[in-house]
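Remarks on the structure that follows.
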Amino acid sequence: IAGITQAPTSQILAAGRRMTLRCTQDMRHNAMYWYRQDLGLGLRLIHYSNTAGTTGKGEVPDGYSVSRANTDDFPLTLASAVPSQTSVYFCASSREVRETQYFGPGTRLLVL
Amino acid sequence: AQSVTQLGSHVSVSEGALVLLRCNYSSSVPPYLFWYVQYPNQGLQLLLKYTTGATLVKGINGFEAEFKKSETSFHLTKPSAHMSDAAEYFCAVISGGYQKVTFGTGTKLQVIP
């Protein structure tokens, strides 16, 4: 089934631990994005990639890193998790930057 | 700079009543505008979008929005609310040389039976 998948669905993580959230799309989209969604703050862009091999910083990049080794995968890594990174994380992709974004189902992360 | 403002974080309407969700944008050049919907425990999905051409855009589930350049608005409407419309709605903008979409903070729609 074409679309965008995220893993894990949810996770409880101890502060200080390293965690990678996975995102894969099979639509051959050039652009991919990571957002966090927090109550009252809407969606905030963490990192983005306009095409394989390139990445850029979004609105709230601190404490997060990404890589885009190929078209399909765009993992998000928390090097040393902190409680303020408790959030719902959404991965999205679009054919090109200015086009419709397709969202994954989200990863709910709790950092204790 | 580009930005988007959604007026009202929560809107309640009775089933069958008009739905009006407000969105104003700021952009120095003609923007692309989007409305997305998020149902509980799901990701966002596109309702409708404006790029160029006709300023009244029709989307899924009976929703429509009108691009009004003079008012810098892109309000979302639906003539008659249904219980299944209860969700959170996000307006988004991308303009000019920007490489990133800016999302509004969302409006949660409650439909009262």
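Each chain in the structure tokens gets a letter, A, B, ..., in the order shown, and its residues are numbered from 1; ligands are numbered from 1 in order too.
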Give me, as a tab-separated table, the closest atom pair and its distance (Å, one decimal) for every residue of chain B within a cut-off of 6 Å of chain A, counting only C-alpha atoms, rows sorted by chain and rising number.
residue	atom	partner	partner_atom	distance
B:Gln42	CA	A:Pro105	CA	5.2
B:Gly43	CA	A:Pro105	CA	4.7
B:Leu44	CA	A:Phe103	CA	5.7
B:Thr105	CA	A:Gly42	CA	4.0
B:Gly106	CA	A:Gly42	CA	5.8
Written selection (N, CA, C and O atoms) as a tab-separated table (two decimals), in the first residue's frame:
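out.tsv, freshly written:
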chain	number	residue	atom	x	y	z
B	42	GLN	N	-4.57	10.52	14.42
B	42	GLN	CA	-4.14	10.30	13.05
B	42	GLN	C	-3.23	11.44	12.60
B	42	GLN	O	-3.13	12.47	13.26
B	43	GLY	N	-2.58	11.24	11.47
B	43	GLY	CA	-1.82	12.31	10.85
B	43	GLY	C	-2.74	13.26	10.10
B	43	GLY	O	-3.95	13.03	10.00
B	44	LEU	N	-2.17	14.34	9.59
B	44	LEU	CA	-2.95	15.31	8.84
B	44	LEU	C	-3.21	14.80	7.42
B	44	LEU	O	-2.40	14.06	6.86
B	105	THR	N	-1.74	27.28	14.06
B	105	THR	CA	-1.76	26.52	15.32
B	105	THR	C	-2.97	25.62	15.45
B	105	THR	O	-3.09	24.88	16.41
B	106	GLY	N	-3.88	25.66	14.46
B	106	GLY	CA	-4.98	24.73	14.44
B	106	GLY	C	-6.24	25.24	15.11
B	106	GLY	O	-6.19	26.05	16.04
TODO: Write out as a ChimeraX atom specification each polymer residue whose atoms come within 9 Å of Leu13 in chain A, counting only C-alpha atoms; drop sequence neighbours fewer than 6 positions from it.
DONE: /A:19,81,109-112
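Of the listed residues (A:Thr54, A:Ser94, A:Asn30, A:Thr86), A:Asn30 comes nearest to Thr71 in chain A; the distances count only C-alpha atoms.
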TODO: Find the spatial neighbours of Leu33 in chain B, counting only C-alpha atoms, within a cut-off of 8 Å - ignore same-chain residues fewer than 5 positions away - and output them as a list of chain:residue names.
DONE: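 Residues meeting the cut-off are B:Lys49, B:Tyr50, B:Thr51, B:Phe74, B:Cys91, B:Ala92, B:Val93, B:Ile94.
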Could you give me, as an mmCIF file with C-alpha atoms, in the first residue's frame, the residues within 9 Å of Gln38 in chain B, counting only C-alpha atoms and dropping anything in the same chain fewer than 2 positions from it?
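Dumped to around_10.cif:
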data_model
loop_
_atom_site.group_PDB
_atom_site.id
_atom_site.type_symbol
_atom_site.label_atom_id
_atom_site.label_comp_id
_atom_site.auth_asym_id
_atom_site.auth_seq_id
_atom_site.Cartn_x
_atom_site.Cartn_y
_atom_site.Cartn_z
ATOM 1 C CA TYR B 36 -5.500 20.092 6.333
ATOM 2 C CA PRO B 40 -8.068 11.966 16.534
ATOM 3 C CA ASN B 41 -4.889 9.903 16.738
ATOM 4 C CA GLN B 42 -4.143 10.303 13.048
ATOM 5 C CA GLY B 43 -1.819 12.311 10.846
ATOM 6 C CA LEU B 44 -2.948 15.311 8.836
ATOM 7 C CA GLN B 45 -4.608 14.919 5.448
ATOM 8 C CA ALA B 87 -11.571 17.208 14.073
ATOM 9 C CA GLU B 88 -8.712 19.692 14.178
ATOM 10 C CA TYR B 89 -8.161 21.862 11.126
ATOM 11 C CA PHE B 90 -4.887 23.450 10.092
#
Open item on the list: So that I can see what lies close to Asp26 in chain A, please list as JSON, numbers by chain the residues with an atom at most 10 Å from it, counting only C-alpha atoms and leaving out residues fewer than 2 positions away in the same chain.
Closed with: {"A": [1, 2, 3, 4, 5, 24, 28, 29, 71, 72, 73, 93]}
- [ ] State, in Å with one decimal place, the distance from CA of Ile60 in chain B to CA of Leu21 in chain B.
- [x]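 Separation between CA of Ile60 in chain B and CA of Leu21 in chain B: 15.4 Å.
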All residues 10 Å or closer to Gln110 in chain B, only C-alpha atoms, same chain fewer than 5 positions away omitted, as a PDB file with N, CA and C atoms, in the first residue's frame:
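Saved result, selection09.pdb, follows:
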ATOM      1  N   HIS B  10     -10.720  26.903  19.346  1.00  0.00           N
ATOM      2  CA  HIS B  10     -11.843  25.987  19.453  1.00  0.00           C
ATOM      3  C   HIS B  10     -13.083  26.649  18.872  1.00  0.00           C
ATOM      4  N   VAL B  11     -13.808  25.900  18.059  1.00  0.00           N
ATOM      5  CA  VAL B  11     -15.069  26.368  17.491  1.00  0.00           C
ATOM      6  C   VAL B  11     -16.112  25.268  17.700  1.00  0.00           C
ATOM      7  N   SER B  12     -17.285  25.669  18.189  1.00  0.00           N
ATOM      8  CA  SER B  12     -18.387  24.719  18.372  1.00  0.00           C
ATOM      9  C   SER B  12     -19.552  25.126  17.489  1.00  0.00           C
ATOM     10  N   VAL B  13     -20.124  24.152  16.798  1.00  0.00           N
ATOM     11  CA  VAL B  13     -21.304  24.403  15.974  1.00  0.00           C
ATOM     12  C   VAL B  13     -22.294  23.278  16.208  1.00  0.00           C
ATOM     13  N   SER B  14     -23.546  23.563  15.966  1.00  0.00           N
ATOM     14  CA  SER B  14     -24.570  22.529  16.041  1.00  0.00           C
ATOM     15  C   SER B  14     -24.587  21.731  14.744  1.00  0.00           C
ATOM     16  N   GLU B  15     -24.947  20.480  14.854  1.00  0.00           N
ATOM     17  CA  GLU B  15     -25.086  19.646  13.663  1.00  0.00           C
ATOM     18  C   GLU B  15     -26.071  20.314  12.702  1.00  0.00           C
ATOM     19  N   ALA B  81     -22.844  21.314   9.031  1.00  0.00           N
ATOM     20  CA  ALA B  81     -21.906  20.473   9.780  1.00  0.00           C
ATOM     21  C   ALA B  81     -22.478  19.086  10.040  1.00  0.00           C
ATOM     22  N   HIS B  82     -21.588  18.123   9.977  1.00  0.00           N
ATOM     23  CA  HIS B  82     -21.935  16.738  10.293  1.00  0.00           C
ATOM     24  C   HIS B  82     -21.085  16.304  11.472  1.00  0.00           C
ATOM     25  N   MET B  83     -21.604  15.361  12.231  1.00  0.00           N
ATOM     26  CA  MET B  83     -20.863  14.880  13.399  1.00  0.00           C
ATOM     27  C   MET B  83     -19.458  14.418  13.030  1.00  0.00           C
ATOM     28  N   SER B  84     -19.331  13.843  11.845  1.00  0.00           N
ATOM     29  CA  SER B  84     -18.028  13.321  11.419  1.00  0.00           C
ATOM     30  C   SER B  84     -17.020  14.427  11.088  1.00  0.00           C
ATOM     31  N   ASP B  85     -17.458  15.684  11.084  1.00  0.00           N
ATOM     32  CA  ASP B  85     -16.538  16.800  10.823  1.00  0.00           C
ATOM     33  C   ASP B  85     -15.734  17.183  12.048  1.00  0.00           C
ATOM     34  N   ALA B  86     -16.086  16.640  13.201  1.00  0.00           N
ATOM     35  CA  ALA B  86     -15.348  16.952  14.422  1.00  0.00           C
ATOM     36  C   ALA B  86     -13.903  16.502  14.271  1.00  0.00           C
ATOM     37  N   ALA B  87     -12.987  17.467  14.327  1.00  0.00           N
ATOM     38  CA  ALA B  87     -11.571  17.208  14.073  1.00  0.00           C
ATOM     39  C   ALA B  87     -10.823  18.509  14.324  1.00  0.00           C
ATOM     40  N   GLU B  88      -9.509  18.472  14.114  1.00  0.00           N
ATOM     41  CA  GLU B  88      -8.712  19.692  14.178  1.00  0.00           C
ATOM     42  C   GLU B  88      -8.318  20.072  12.758  1.00  0.00           C
TER      43      GLU B  88
END
Open item on the list: Can you tell me, as a PyMOL selection string, which residues in chain B count as strand (DSSP E or B) by DSSP?
Closed with: chain B and resi 3-7+10-14+19-26+31-38+44-50+56-58+64-68+73-78+87-95+102-103+107-112
Could you give me, as a Markdown table, every range 41-88 of chain B residue with an atom at most 10 Å from range 22-31 of chain B, plus its closest atom pair and distance in Å to one decimal, counting only C-alpha atoms, rows ordered by chain then number?
| residue | atom | partner | partner_atom | distance |
| --- | --- | --- | --- | --- |
| B:Tyr50 | CA | B:Pro31 | CA | 8.3 |
| B:Thr51 | CA | B:Pro31 | CA | 7.1 |
| B:Thr52 | CA | B:Pro30 | CA | 8.7 |
| B:Ala65 | CA | B:Arg22 | CA | 9.8 |
| B:Phe67 | CA | B:Pro31 | CA | 9.8 |
| B:Lys68 | CA | B:Asn24 | CA | 9.5 |
| B:Lys69 | CA | B:Pro30 | CA | 8.3 |
| B:Glu71 | CA | B:Asn24 | CA | 7.9 |
| B:Thr72 | CA | B:Tyr25 | CA | 5.6 |
| B:Ser73 | CA | B:Asn24 | CA | 4.3 |
| B:Phe74 | CA | B:Cys23 | CA | 5.3 |
| B:His75 | CA | B:Arg22 | CA | 4.5 |
| B:Leu76 | CA | B:Arg22 | CA | 6.4 |
| B:Thr77 | CA | B:Arg22 | CA | 8.7 |
Task: Closest of A:Ser65, A:Lys57, A:Ala79, A:Trp34 to Arg18 in chain A - atom-to-atom distances counting only C-alpha atoms - done: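 The shortest atom-to-atom distance to Arg18 in chain A comes from A:Ala79.
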